[in-house]
Every structure is written in C-alpha cells, then in structure tokens.
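Undergrad: Here you go, this is start_29.cif (mmCIF, C-alpha atoms and all ligand atoms).
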data_data
#
loop_
_atom_site.label_atom_id
_atom_site.label_comp_id
_atom_site.auth_asym_id
_atom_site.auth_seq_id
_atom_site.Cartn_x
_atom_site.Cartn_y
_atom_site.Cartn_z
CA MET A 1 -9.25 160.24 190.69
CA ARG A 2 -11.21 157.12 191.50
CA ASN A 3 -9.42 153.84 191.36
CA LEU A 4 -11.53 151.73 188.97
CA ALA A 5 -9.66 148.59 189.96
CA ASN A 6 -11.27 148.86 193.35
CA ARG A 7 -14.86 147.79 192.77
CA ALA A 8 -16.15 148.73 196.18
CA PRO A 9 -19.74 149.99 195.83
CA MET A 10 -19.76 153.74 195.37
CA LEU A 11 -22.64 156.09 195.86
CA THR A 12 -24.00 158.23 193.08
CA ARG A 13 -25.75 161.50 193.70
CA THR A 14 -29.09 159.69 193.92
CA GLY A 15 -27.67 157.34 196.49
CA THR A 16 -27.95 154.24 194.30
CA LYS A 17 -25.04 151.86 193.77
CA ALA A 18 -22.91 152.35 190.70
CA ARG A 19 -23.37 149.82 187.89
CA TRP A 20 -20.46 148.59 185.84
CA LEU A 21 -20.07 148.22 182.12
CA ALA A 22 -20.00 144.49 182.66
CA ASP A 23 -23.53 144.73 184.12
CA LEU A 24 -25.02 145.87 180.81
CA PRO A 25 -27.75 143.57 179.50
CA PRO A 26 -27.41 142.03 176.03
CA VAL A 27 -28.89 143.99 173.14
CA ALA A 28 -31.23 142.41 170.62
CA SER A 29 -29.34 142.38 167.31
CA ASP A 30 -30.55 144.62 164.50
CA SER A 31 -32.64 142.18 162.50
CA LEU A 32 -31.86 143.77 159.11
CA LEU A 33 -28.11 143.70 159.72
CA ALA A 34 -28.42 140.09 160.92
CA LEU A 35 -30.30 139.30 157.70
CA ILE A 36 -27.52 140.77 155.54
CA ALA A 37 -24.99 138.62 157.39
CA LEU A 38 -27.15 135.52 156.88
CA ALA A 39 -27.46 136.21 153.15
CA GLU A 40 -23.72 136.78 152.84
CA ALA A 41 -22.98 133.50 154.57
CA ASP A 42 -25.30 131.47 152.28
CA PRO A 43 -23.07 129.56 149.82
CA ARG A 44 -25.80 129.03 147.19
CA ASN A 45 -24.86 130.73 143.90
CA ASP A 46 -28.37 131.73 142.98
CA LYS A 47 -29.18 133.45 146.29
CA ILE A 48 -31.25 136.62 146.19
CA ASP A 49 -30.80 139.36 148.79
CA VAL A 50 -33.77 141.68 148.84
CA GLY A 51 -33.28 142.54 152.53
CA VAL A 52 -30.53 145.04 151.80
CA GLY A 53 -31.58 148.73 151.87
CA VAL A 54 -29.51 150.24 149.07
CA PHE A 55 -30.12 150.84 145.37
CA ARG A 56 -28.73 148.15 143.11
CA ASP A 57 -28.38 148.22 139.33
CA ALA A 58 -29.44 145.50 136.88
CA VAL A 59 -26.40 143.37 137.72
CA GLY A 60 -26.56 143.84 141.48
CA ASN A 61 -24.03 146.64 142.06
CA THR A 62 -24.41 149.86 144.05
CA PRO A 63 -22.11 152.00 141.93
CA ILE A 64 -20.75 155.42 142.78
CA LEU A 65 -22.50 157.89 140.46
CA LYS A 66 -20.30 159.13 137.61
CA VAL A 67 -21.13 162.67 138.58
CA MET A 68 -20.03 161.97 142.15
CA LYS A 69 -16.68 160.61 140.96
CA GLU A 70 -16.16 163.82 139.00
CA ALA A 71 -17.15 165.99 141.97
CA GLU A 72 -14.79 164.06 144.24
CA ARG A 73 -11.97 164.49 141.73
CA ARG A 74 -12.57 168.26 141.71
CA LEU A 75 -12.83 168.30 145.49
CA LEU A 76 -9.46 166.59 145.90
CA GLU A 77 -7.90 168.99 143.46
CA THR A 78 -9.30 172.18 144.88
CA GLN A 79 -9.76 171.64 148.61
CA ALA A 80 -7.17 173.80 150.32
CA THR A 81 -7.93 173.15 153.98
CA LYS A 82 -9.70 170.80 156.30
CA ALA A 83 -10.06 173.34 159.08
CA TYR A 84 -13.26 173.21 161.15
CA LEU A 85 -16.44 174.48 159.51
CA GLY A 86 -18.54 174.89 162.66
CA SER A 87 -21.80 173.22 163.76
CA ALA A 88 -23.67 174.45 160.68
CA GLY A 89 -21.35 172.45 158.44
CA ASP A 90 -21.32 173.47 154.78
CA LYS A 91 -23.77 176.38 154.59
CA ARG A 92 -23.74 176.56 150.79
CA PHE A 93 -24.70 172.86 150.66
CA ALA A 94 -27.84 173.57 152.69
CA GLU A 95 -28.63 176.59 150.49
CA LEU A 96 -28.31 174.58 147.29
CA LEU A 97 -30.77 172.00 148.58
CA ARG A 98 -33.46 174.58 149.21
CA PRO A 99 -34.93 174.81 145.69
CA ILE A 100 -34.76 171.04 145.29
CA LEU A 101 -36.72 170.30 148.46
CA LEU A 102 -38.66 173.46 149.20
CA GLY A 103 -39.55 174.53 145.63
CA PRO A 104 -41.47 177.81 145.78
CA HIS A 105 -40.68 178.09 149.50
CA ALA A 106 -36.92 178.21 148.85
CA SER A 107 -36.74 181.96 149.44
CA ASP A 108 -38.84 181.92 152.62
CA GLU A 109 -36.65 183.47 155.32
CA ARG A 110 -38.64 181.71 158.00
CA ILE A 111 -37.09 178.43 156.86
CA ALA A 112 -33.51 177.61 157.83
CA GLY A 113 -31.44 174.55 156.96
CA VAL A 114 -28.41 172.91 158.51
CA GLN A 115 -26.18 170.11 157.27
CA THR A 116 -26.47 166.89 159.29
CA PRO A 117 -24.83 163.46 159.32
CA GLY A 118 -27.36 161.81 157.00
CA GLY A 119 -31.11 161.63 157.37
CA CYS A 120 -30.64 159.91 160.72
CA GLY A 121 -28.78 162.93 162.06
CA ALA A 122 -31.48 165.24 160.73
CA LEU A 123 -34.20 163.16 162.38
CA ARG A 124 -32.42 163.07 165.71
CA LEU A 125 -31.72 166.79 165.63
CA GLY A 126 -35.28 167.59 164.56
CA PHE A 127 -36.70 165.53 167.41
CA GLU A 128 -34.24 167.10 169.84
CA LEU A 129 -35.53 170.52 168.84
CA ALA A 130 -39.19 169.48 169.04
CA ALA A 131 -38.65 167.87 172.46
CA GLU A 132 -36.84 170.93 173.76
CA ALA A 133 -39.75 173.13 172.70
CA ASN A 134 -42.40 170.79 174.07
CA PRO A 135 -41.25 167.86 176.22
CA ASN A 136 -44.88 166.83 176.66
CA ALA A 137 -45.53 166.40 172.96
CA ARG A 138 -46.54 162.94 171.83
CA VAL A 139 -45.36 161.61 168.50
CA LEU A 140 -47.98 160.09 166.21
CA VAL A 141 -46.48 157.31 164.17
CA GLY A 142 -48.22 155.30 161.45
CA THR A 143 -47.19 151.65 161.61
CA PRO A 144 -45.35 149.93 160.20
CA THR A 145 -42.61 152.51 159.97
CA TRP A 146 -38.85 152.57 159.46
CA PRO A 147 -37.47 150.58 162.43
CA ASN A 148 -35.10 153.38 163.45
CA HIS A 149 -37.92 155.87 164.09
CA PRO A 150 -39.04 154.49 167.48
CA PRO A 151 -35.54 154.39 169.03
CA ILE A 152 -34.84 157.93 167.83
CA ILE A 153 -38.11 159.11 169.40
CA ARG A 154 -37.23 157.26 172.62
CA SER A 155 -33.80 158.86 172.65
CA VAL A 156 -35.39 162.30 173.10
CA ARG A 157 -37.80 160.90 175.70
CA LEU A 158 -40.98 161.68 173.80
CA GLU A 159 -43.99 159.41 174.03
CA GLN A 160 -44.89 157.58 170.83
CA ILE A 161 -48.52 156.92 169.86
CA ASP A 162 -48.98 154.37 167.09
CA TYR A 163 -51.82 154.17 164.60
CA PRO A 164 -52.27 151.65 161.79
CA TYR A 165 -51.08 153.11 158.48
CA TYR A 166 -51.14 150.15 156.16
CA GLU A 167 -53.39 147.18 155.31
CA ARG A 168 -50.92 144.55 154.25
CA GLY A 169 -53.36 142.05 152.79
CA GLN A 170 -54.74 144.58 150.32
CA GLY A 171 -51.64 146.73 149.89
CA ILE A 172 -53.48 149.94 150.76
CA ILE A 173 -53.17 152.79 153.24
CA ARG A 174 -55.62 152.75 156.19
CA PHE A 175 -56.38 156.35 155.52
CA GLU A 176 -59.45 156.66 157.74
CA ASP A 177 -57.46 155.33 160.69
CA MET A 178 -54.68 157.77 159.93
CA ILE A 179 -57.02 160.76 159.83
CA ALA A 180 -58.84 159.62 162.98
CA ALA A 181 -55.51 159.37 164.82
CA LEU A 182 -54.39 162.82 163.70
CA GLU A 183 -57.78 164.30 164.55
CA GLY A 184 -57.55 162.76 168.03
CA ALA A 185 -54.15 164.32 168.74
CA GLU A 186 -53.60 167.32 171.01
CA PRO A 187 -52.32 170.66 169.70
CA GLY A 188 -48.52 170.58 169.89
CA ASP A 189 -48.31 166.82 169.31
CA ILE A 190 -45.94 165.79 166.54
CA ALA A 191 -47.08 164.07 163.34
CA LEU A 192 -44.20 162.03 161.94
CA LEU A 193 -44.78 161.64 158.20
CA HIS A 194 -42.88 160.00 155.35
CA GLY A 195 -42.34 162.56 152.58
CA CYS A 196 -42.26 159.95 149.80
CA CYS A 197 -41.29 156.35 149.04
CA HIS A 198 -42.63 155.06 152.35
CA ASN A 199 -40.27 152.67 154.09
CA PRO A 200 -41.20 149.83 154.59
CA THR A 201 -44.49 149.73 152.65
CA GLY A 202 -43.97 151.78 149.46
CA ALA A 203 -47.52 153.08 150.02
CA ASP A 204 -47.39 156.85 149.50
CA LEU A 205 -50.20 159.28 150.18
CA SER A 206 -51.94 160.46 147.00
CA GLU A 207 -52.10 164.20 146.38
CA ASP A 208 -55.69 164.25 147.65
CA GLN A 209 -54.70 162.34 150.76
CA TRP A 210 -51.84 164.79 151.39
CA ARG A 211 -54.35 167.65 151.13
CA GLU A 212 -56.50 166.02 153.78
CA VAL A 213 -53.54 165.24 156.08
CA VAL A 214 -52.25 168.80 155.75
CA ARG A 215 -55.72 170.17 156.55
CA VAL A 216 -56.02 168.09 159.72
CA VAL A 217 -52.44 168.78 160.84
CA SER A 218 -52.89 172.53 160.45
CA GLU A 219 -56.40 172.66 161.92
CA ARG A 220 -55.42 170.54 164.95
CA GLY A 221 -52.26 172.62 165.51
CA LEU A 222 -49.92 169.61 165.23
CA LEU A 223 -46.21 169.93 164.52
CA PRO A 224 -45.41 168.03 161.31
CA LEU A 225 -42.01 166.34 161.18
CA ILE A 226 -41.49 165.02 157.67
CA ASP A 227 -38.84 162.43 156.97
CA ILE A 228 -37.85 162.54 153.30
CA ALA A 229 -35.04 160.10 152.55
CA TYR A 230 -35.76 159.10 148.95
CA GLN A 231 -36.60 162.27 147.03
CA GLY A 232 -36.36 161.49 143.32
CA PHE A 233 -36.76 157.71 143.74
CA GLY A 234 -40.55 157.80 143.40
CA ARG A 235 -42.27 159.90 140.76
CA GLY A 236 -39.70 162.71 140.28
CA LEU A 237 -37.83 165.30 142.32
CA ASP A 238 -40.65 167.85 142.42
CA GLU A 239 -43.45 165.29 142.58
CA ASP A 240 -41.82 163.57 145.57
CA ALA A 241 -41.68 166.89 147.45
CA PHE A 242 -45.42 167.52 146.95
CA GLY A 243 -46.35 166.77 150.57
CA VAL A 244 -43.45 168.77 152.03
CA ARG A 245 -44.38 171.83 150.01
CA LEU A 246 -48.09 171.55 150.71
CA MET A 247 -47.35 171.35 154.43
CA LEU A 248 -45.20 174.48 154.14
CA ASP A 249 -48.09 176.23 152.38
CA ALA A 250 -50.38 175.56 155.31
CA CYS A 251 -48.31 175.46 158.49
CA ASP A 252 -46.17 177.99 160.31
CA GLU A 253 -44.12 175.35 162.07
CA VAL A 254 -42.65 172.45 160.12
CA ILE A 255 -39.57 170.27 160.61
CA ILE A 256 -38.10 168.39 157.64
CA ALA A 257 -35.38 165.74 157.87
CA GLN A 258 -33.80 165.19 154.48
CA SER A 259 -31.34 162.52 153.40
CA CYS A 260 -29.13 162.85 150.32
CA ASP A 261 -27.54 159.47 150.94
CA LYS A 262 -29.81 157.63 148.53
CA ASN A 263 -30.39 160.13 145.74
CA PHE A 264 -26.66 160.88 145.49
CA SER A 265 -25.75 157.27 146.31
CA VAL A 266 -23.31 158.25 149.08
CA TYR A 267 -24.77 156.13 151.87
CA ARG A 268 -21.66 155.77 154.01
CA ASP A 269 -20.64 159.40 153.60
CA ARG A 270 -23.63 160.50 155.73
CA VAL A 271 -25.16 163.43 153.87
CA GLY A 272 -28.35 165.04 155.13
CA CYS A 273 -30.01 168.29 156.04
CA LEU A 274 -32.49 169.50 158.62
CA PHE A 275 -34.92 172.26 157.69
CA VAL A 276 -36.87 174.17 160.30
CA LYS A 277 -39.73 176.56 159.68
CA THR A 278 -41.37 178.77 162.29
CA GLY A 279 -43.81 181.66 162.01
CA SER A 280 -41.14 184.38 161.91
CA LYS A 281 -37.54 184.92 160.87
CA GLY A 282 -36.59 185.80 164.45
CA ALA A 283 -38.18 182.69 165.93
CA THR A 284 -36.42 180.55 163.34
CA GLU A 285 -33.08 182.13 164.24
CA THR A 286 -33.69 181.30 167.89
CA ALA A 287 -34.74 177.74 167.01
CA MET A 288 -31.59 177.33 164.94
CA ALA A 289 -29.44 178.54 167.82
CA HIS A 290 -30.90 175.63 169.79
CA VAL A 291 -30.26 173.32 166.84
CA PHE A 292 -26.59 174.33 166.66
CA GLN A 293 -26.22 173.87 170.39
CA ARG A 294 -27.67 170.36 170.22
CA ALA A 295 -25.55 169.51 167.17
CA ARG A 296 -22.44 170.73 168.98
CA VAL A 297 -23.15 168.35 171.85
CA MET A 298 -23.96 165.35 169.67
CA TRP A 299 -21.44 165.50 166.82
CA SER A 300 -19.90 168.96 167.02
CA MET A 301 -20.02 169.28 163.24
CA PRO A 302 -21.15 167.03 160.42
CA PRO A 303 -18.66 165.08 158.25
CA ASP A 304 -17.64 167.23 155.32
CA HIS A 305 -16.69 165.04 152.39
CA GLY A 306 -20.05 163.86 151.00
CA ALA A 307 -21.79 167.19 151.46
CA ALA A 308 -18.83 169.00 149.89
CA ALA A 309 -19.14 166.78 146.82
CA VAL A 310 -22.92 167.29 146.64
CA HIS A 311 -22.24 171.02 146.94
CA ILE A 312 -19.92 170.84 143.91
CA ILE A 313 -22.52 168.95 141.87
CA LEU A 314 -25.39 171.28 142.67
CA ASP A 315 -23.31 174.41 142.15
CA ASP A 316 -22.28 173.41 138.62
CA LYS A 317 -24.90 173.55 135.86
CA GLN A 318 -23.41 170.69 133.88
CA LEU A 319 -22.85 168.37 136.85
CA ARG A 320 -26.30 169.11 138.17
CA ALA A 321 -27.85 168.15 134.82
CA GLU A 322 -25.83 164.92 134.81
CA TRP A 323 -26.95 164.12 138.34
CA LEU A 324 -30.58 164.51 137.30
CA ILE A 325 -30.00 162.01 134.49
CA GLU A 326 -28.36 159.48 136.80
CA LEU A 327 -31.09 159.96 139.38
CA ALA A 328 -33.75 159.41 136.71
CA ALA A 329 -32.00 156.19 135.70
CA MET A 330 -32.17 154.90 139.28
CA ARG A 331 -35.85 155.87 139.50
CA ASP A 332 -36.63 154.26 136.14
CA ARG A 333 -35.04 151.00 137.23
CA ILE A 334 -37.03 150.97 140.48
CA ASN A 335 -40.27 151.59 138.63
CA ALA A 336 -39.49 149.10 135.83
CA VAL A 337 -38.80 146.31 138.34
CA ARG A 338 -42.00 147.24 140.15
CA GLN A 339 -43.99 146.87 136.93
CA ARG A 340 -42.44 143.50 136.14
CA ILE A 341 -43.28 142.13 139.59
CA ALA A 342 -46.77 143.61 139.44
CA GLY A 343 -47.38 141.89 136.12
CA GLY A 344 -46.36 138.52 137.57
CA ASP A 345 -49.56 137.80 139.48
CA PRO A 346 -52.77 139.77 140.17
CA ARG A 347 -52.01 139.50 143.91
CA LEU A 348 -48.79 141.44 143.32
CA ALA A 349 -50.45 144.19 141.24
CA PHE A 350 -50.31 146.61 144.21
CA ILE A 351 -46.51 146.73 143.90
CA GLY A 352 -46.90 148.57 140.60
CA ARG A 353 -48.91 151.29 142.33
CA GLN A 354 -46.30 151.90 145.04
CA TYR A 355 -43.11 153.96 145.10
CA GLY A 356 -39.51 153.78 146.22
CA MET A 357 -37.33 150.79 146.90
CA PHE A 358 -39.52 148.97 149.40
CA SER A 359 -42.79 147.06 149.48
CA MET A 360 -44.22 144.42 151.77
CA LEU A 361 -45.28 141.07 150.42
CA PRO A 362 -48.43 139.49 151.85
CA LEU A 363 -46.44 136.62 153.36
CA SER A 364 -46.40 135.19 156.88
CA LYS A 365 -43.14 134.93 158.78
CA GLU A 366 -43.21 131.16 158.13
CA GLN A 367 -43.52 131.74 154.39
CA VAL A 368 -40.63 134.23 154.50
CA LEU A 369 -38.46 131.68 156.33
CA LYS A 370 -39.41 128.97 153.85
CA LEU A 371 -38.32 131.22 150.95
CA ARG A 372 -35.03 131.67 152.75
CA GLU A 373 -34.49 127.95 153.27
CA ASP A 374 -35.86 126.53 150.03
CA ASP A 375 -35.06 129.29 147.53
CA ALA A 376 -32.18 131.26 149.11
CA ILE A 377 -34.34 134.41 148.97
CA TYR A 378 -33.57 136.76 151.83
CA MET A 379 -36.08 139.38 152.95
CA ALA A 380 -37.12 140.85 156.31
CA ASP A 381 -39.43 138.68 158.45
CA SER A 382 -42.16 141.28 157.89
CA GLY A 383 -42.15 140.53 154.15
CA ARG A 384 -40.48 143.87 153.38
CA PHE A 385 -38.26 143.58 150.35
CA ASN A 386 -36.11 145.89 148.24
CA VAL A 387 -37.42 145.74 144.67
CA VAL A 388 -34.02 146.72 143.26
CA GLY A 389 -32.27 144.14 145.41
CA LEU A 390 -33.26 142.00 142.40
CA GLY A 391 -30.89 141.79 139.46
CA ASP A 392 -32.72 141.76 136.10
CA ASP A 393 -32.02 138.06 135.67
CA GLN A 394 -33.43 137.24 139.12
CA ILE A 395 -36.86 138.79 138.75
CA ASP A 396 -38.69 135.86 137.14
CA ARG A 397 -37.35 133.33 139.65
CA PHE A 398 -38.27 135.69 142.48
CA ILE A 399 -41.86 136.10 141.23
CA ALA A 400 -42.29 132.35 140.75
CA ALA A 401 -41.00 131.61 144.27
CA VAL A 402 -43.15 134.29 145.88
CA VAL A 403 -46.28 133.13 144.05
CA GLU A 404 -45.58 129.55 145.13
CA ALA A 405 -45.11 130.74 148.72
CA MET A 406 -48.39 132.67 148.61
CA ASP A 407 -50.17 129.53 147.34
CA SER A 408 -48.65 127.27 149.99
C1 LIG A 501 -37.39 156.35 156.10
C2 LIG A 501 -35.94 156.63 156.31
N1 LIG A 501 -35.60 157.75 156.95
C3 LIG A 501 -34.31 158.06 157.17
C4 LIG A 501 -33.30 157.22 156.76
C5 LIG A 501 -31.88 157.62 157.11
O1 LIG A 501 -31.06 157.80 156.05
P1 LIG A 501 -29.49 158.07 156.25
O2 LIG A 501 -28.80 156.84 155.79
O3 LIG A 501 -29.23 159.26 155.39
O4 LIG A 501 -29.27 158.36 157.69
C6 LIG A 501 -33.61 156.03 156.09
C7 LIG A 501 -32.55 155.12 155.68
O5 LIG A 501 -32.73 153.97 155.43
C8 LIG A 501 -34.97 155.74 155.85
O6 LIG A 501 -35.33 154.64 155.22
#
Using structure tokens, write down the structure that the file contains.
TA:
Amino acid sequence: MRNLANRAPMLTRTGTKARWLADLPPVASDSLLALIALAEADPRNDKIDVGVGVFRDAVGNTPILKVMKEAERRLLETQATKAYLGSAGDKRFAELLRPILLGPHASDERIAGVQTPGGCGALRLGFELAAEANPNARVLVGTPTWPNHPPIIRSVRLEQIDYPYYERGQGIIRFEDMIAALEGAEPGDIALLHGCCHNPTGADLSEDQWREVVRVVSERGLLPLIDIAYQGFGRGLDEDAFGVRLMLDACDEVIIAQSCDKNFSVYRDRVGCLFVKTGSKGATETAMAHVFQRARVMWSMPPDHGAAAVHIILDDKQLRAEWLIELAAMRDRINAVRQRIAGGDPRLAFIGRQYGMFSMLPLSKEQVLKLREDDAIYMADSGRFNVVGLGDDQIDRFIAAVVEAMDS
C-alpha cells in the first residue's frame, strides 16, 4: 500500500508525475443551476423563475401525478423484495414502453430496449455503444442544443461537429443548413436529433422536414441517435414520436434515448430507456451484450423505484388511461400558455408555433440581465425560458416586461 501522507513524486506507467486531487482546476458552475439559486435568493415577492426546467401548474407547483401516487401506493404494498434485478433493470418496464414510443415497430425483434437512469443515462449509454462500434464517428449536432449533449459526447471521446439549427431572430429552423451538414457527413457519422419539443428552442421539425432528414440520414448511411425526452408534451404521444418511427421505417441502425422523467413527472427518480435497432436480431443481441457490459461498469443497474411505478401504471388499463389524461392536461397547459404569450405581441407569435416547455426569446444577454434586475424575471442568458415556469397570474406581467425589453 502506498502511503498517501508521503507526497514524494511518484511515477505513473507513462513516466509522468502523479497529480493530486488538490491540483484539480476549478470547474465552471452549471449556469442553469446557478440561475435557479439566484432566483431562489431574490427576496422580491413577484419574482418569476422561467429558468427552471420542470413542468409547473397554473399556481407554480410541480405536483406528483395522481396516478403516480396510486402506483407508488400499490408498489409499497406489493413489493416483496429489493434483490438485484441485473443490468437490464426492469425488463417489463422496457417492454411496456415499446408501443408508446415505437408504435408499429413495437414488435420488431431487431429493436431491443433497456432501462436506464433517466434520459441522461440512455444518452450516455447510447453514445458509449456508438463509440465502441465506431470510435472515428463524428457527431453532428445542431446548435443550440441541450447543454448536456456536448459533455456527454466528449465523455465518450467522439468528435462533435456543429451546424446551425435555429435562426433566433425569426424563430425558425435553418433547415437548409441542417440538410447541408447532414449531406456533408461521412457514412457512419452520428446524427444527434431531438425527437420532439426541442430543448432549448421549441422549434420542432415539421413532418415534411422529418421526411427529408430521414431521407438524407438513410442515403448518407449516418447513424441516427434520437433524444426524446418530452414525448406527449408537444402535439400528442403518437404525434411526438413521428420522427422516431419514420427513422425506424427507413434505417437499419437507430439509437433512441428516451426519458420518462417529464411525462410521468418523476424527475428525481431517474426513469429512462435506451432502444437499439440493428439490421438483424442477432446483431441487436450482440449490441445489447455490449450495452449491458457498459451499463454494468457505469451504474451496475438502474434505480428501480420510478421505473417500477411506471411499470405498474402502464400494465394497468385504468391507471394507463388516467395517466394519459394527466399527461394531456400538462400538454394543454403548455400549449395554452404558448398561445397567450404568442398573442401578446406579433414578435412573439413564433412561440405559438413551437412545442414543449422551452423557447428562446429574441433578447440580448444585456436585455436578459436587465429583466432580472428590474423585473425579477429569471431566464437563461441565451433567452431560453420555460413557458410553464409562468403561473397563470404571471403571464401578462411577463409579456409586458419582455415587450418592453425588446423595445429598449
Ligand atoms: C433534450 C433533453 N434530453 C435529455 C434530458 C435528460 O432527461 P433526464 O432528466 O431523464 O435525464 C433532458 C432533460 O432536461 C433534455 O432536455
């Protein structure tokens, strides 16, 4: 055993000197978490926090779904053991998600799913698999994207190639740039795509645009990796899976990272699923063996509680129907708030044509900071805001302040 108290330089296998924990450089703080802390610390009573990334109801709460409470009650009553489940986690949970996400592809034996710790876990595991298959693949990423995508890509040591996805001034997708980037990629490169409810822009591909993207991805021989974290928050459960299913129609190899943390409102319980499709059942089995091996190294097995409760909901006709109603209520609120903001000023009309919780306001960083200081309105420096961060009684004040900021 080495004596750590003795800090004499020691040689590593590469012959370099050991570095100590105390030598670690500082880490830039996560700007969204810092924003939440700032908002919390603001003593003004009328403050508005639209930086936060969770669903909120009309009075500003993120309630546990009624159906989830019932499932948890049943789980407590019936769970007889907490023995290990293995790297695959709750297999029935992954099976029950298949029709919801994959639709007509649910019975395709070339597609396998595995429970993961949230959408983040699914993304990491999906990229691990892709990198293991092709360490030279480059990942095409439309910007702006969810801030956790780049570090996850870096963590598997793949090169990231950015292309512009969104024109902020006009609130539209830079579709020609997107297609040009995908057409310029090499076979085997990875196309990271948002399944629905694009975070941070809210700008989703139309069905025609999906058709075009799918055509280019399949013709160029790219590997699509679709991140779908908000299914059911946009236009509807099936509608939000349109792109995923179209991609499965056209491509032999597809990776899908799914989160259930938002649509079951179980954020901290970390509920997600990774789906992998290859050209044959055998190849998928081999790919999944790699997936389980990677999962075993990273987290051994996913946390059980949230997925077990989702399993109970989806396996029970009545609970499932109740979940759909509660999900529709969340979606309706998101879309109603969007329409109210869109009606507030012609320059905000684009917000009514977008989906999911997030959109980006056409504001400079200075204007965002001024809103923070003068009006106690907290949003990301980029102008990204959570439409349902607004309580019903805050919407008019928010619109007035944003319009004033745009005019300043
Ligand atoms: C685009 C996107 N992908 C993935 C995730 C990860 O979700 P989870 O909390 O389930 O890890 C999020 C969460 O904010 C997200 O916005």
Undergrad: Enumerate as an MDAnalysis selection string the residues within 6 Å of ligand LIG 501 (chain A), counting all atoms listed in the file.
TA: chainID A and resid 118:120 146 199 227 229 259 261 267 270 272
Undergrad: Considering only C-alpha atoms, can you say which of A:Asp162, A:Glu404, A:Glu109, A:Glu167 comes closest to Lys281 of chain A?
TA: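 Counting only C-alpha atoms, the residue closest to Lys281 of chain A is A:Glu109.
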Undergrad: Quick one: everything within 9 Å of Phe350 of chain A, counting all atoms listed in the file, minus sequence neighbours fewer than 3 positions away in the same chain. Send it as a ChimeraX atom specification.
TA: /A:170-172,342,346-347,353-354
Undergrad: Ranking A:Gly389, A:Gly195, A:Pro26, A:Gly352 by minimum distance to Thr62 of chain A and counting all atoms listed in the file, which one comes first?
TA: A:Gly389
Undergrad: Separation of atom CA of Leu76 of chain A and atom CA of Asp90 of chain A, in Å?
TA: 16.3 Å
Undergrad: Please report the interatomic distance between atom CA of His149 of chain A and atom CA of Phe127 of chain A in Å with one decimal.
TA: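 Interatomic distance here is 10.3 Å.
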Undergrad: Pick from A:Ala181, A:Leu225, A:Ala88, A:Leu237: nearest to Pro117 of chain A, with all atoms listed in the file counted?
TA: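 Of A:Ala181, A:Leu225, A:Ala88, A:Leu237, the one nearest Pro117 of chain A, counting all atoms listed in the file, is A:Ala88.
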Undergrad: Could you list as number ranges by chain every residue that has an atom within 12 Å of (-46.5, 164.9, 155.4), using the file's coordinates and counting all atoms listed in the file?
TA: A: 140-142, 178, 182, 190-198, 204-207, 209-218, 222-228, 240-251, 254-257
Undergrad: Nearest to Lys370 of chain A: which of A:Val266, A:Ala401, A:Pro151, A:Asp316 is it, counting only C-alpha atoms?
TA: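 Residue with the minimum atom-to-atom distance to Lys370 of chain A: A:Ala401.
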Undergrad: If we count all atoms listed in the file, what is near Gly169 of chain A at a cut-off of 10 Å, once residues fewer than 6 positions away on the same chain are taken out, given as JSON, numbers by chain?
TA: {"A": [347, 360, 361, 362, 363]}
Undergrad: In Å to one decimal, how far is atom CA of Leu125 of chain A from atom CA of Arg294 of chain A?
TA: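 Value for the atom CA of Arg294 of chain A-atom CA of Leu125 of chain A distance: 7.1 Å.
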Undergrad: Identify, on the basis of all atoms listed in the file, every residue whose closest approach to Ala287 of chain A does not exceed 9 Å; exclude the query and any residue fewer than 5 positions from it along the same chain; express the result as an MDAnalysis selection string.
TA: chainID A and resid 129 133 276:278 282 292
Undergrad: Compute the distance from (-32.0, 140.9, 143.0) to each atom, counting only C-alpha atoms, keep the residues with any atom at most 12 Å away, and return them as a VMD selection string; use the coordinates of the file.
TA: chain A and resid 46 to 62 334 337 341 357 376 to 379 385 to 399
Undergrad: So, with only C-alpha atoms as the atoms that count, which of A:Arg340, A:Asp238, A:Thr286, A:Leu348 lies closest to Pro104 of chain A?
TA: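 That would be A:Asp238, the residue with the smallest distance to Pro104 of chain A.
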Undergrad: Closest to Ala329 of chain A among A:Glu219, A:Tyr355, A:Leu65, A:Pro302, using only C-alpha atoms?
TA: A:Leu65
Undergrad: Write out as an mmCIF file with C-alpha atoms, in the frame of the given file each polymer residue whose atoms come within 9 Å of Glu128 of chain A, counting all atoms listed in the file; drop sequence neighbours fewer than 3 positions from it.
TA:
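This went into around.cif:
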data_model
loop_
_atom_site.group_PDB
_atom_site.id
_atom_site.type_symbol
_atom_site.label_atom_id
_atom_site.label_comp_id
_atom_site.auth_asym_id
_atom_site.auth_seq_id
_atom_site.Cartn_x
_atom_site.Cartn_y
_atom_site.Cartn_z
ATOM 1 C CA LEU A 123 -34.200 163.160 162.380
ATOM 2 C CA ARG A 124 -32.420 163.070 165.710
ATOM 3 C CA LEU A 125 -31.720 166.790 165.630
ATOM 4 C CA ALA A 131 -38.650 167.870 172.460
ATOM 5 C CA GLU A 132 -36.840 170.930 173.760
ATOM 6 C CA ALA A 133 -39.750 173.130 172.700
ATOM 7 C CA ILE A 153 -38.110 159.110 169.400
ATOM 8 C CA SER A 155 -33.800 158.860 172.650
ATOM 9 C CA VAL A 156 -35.390 162.300 173.100
ATOM 10 C CA VAL A 291 -30.260 173.320 166.840
ATOM 11 C CA ARG A 294 -27.670 170.360 170.220
#
Undergrad: Pro200 of chain A: which residues within 8 Å, counting all atoms listed in the file, same-chain residues fewer than 5 positions away excluded, as a count of residues only?
TA: 7
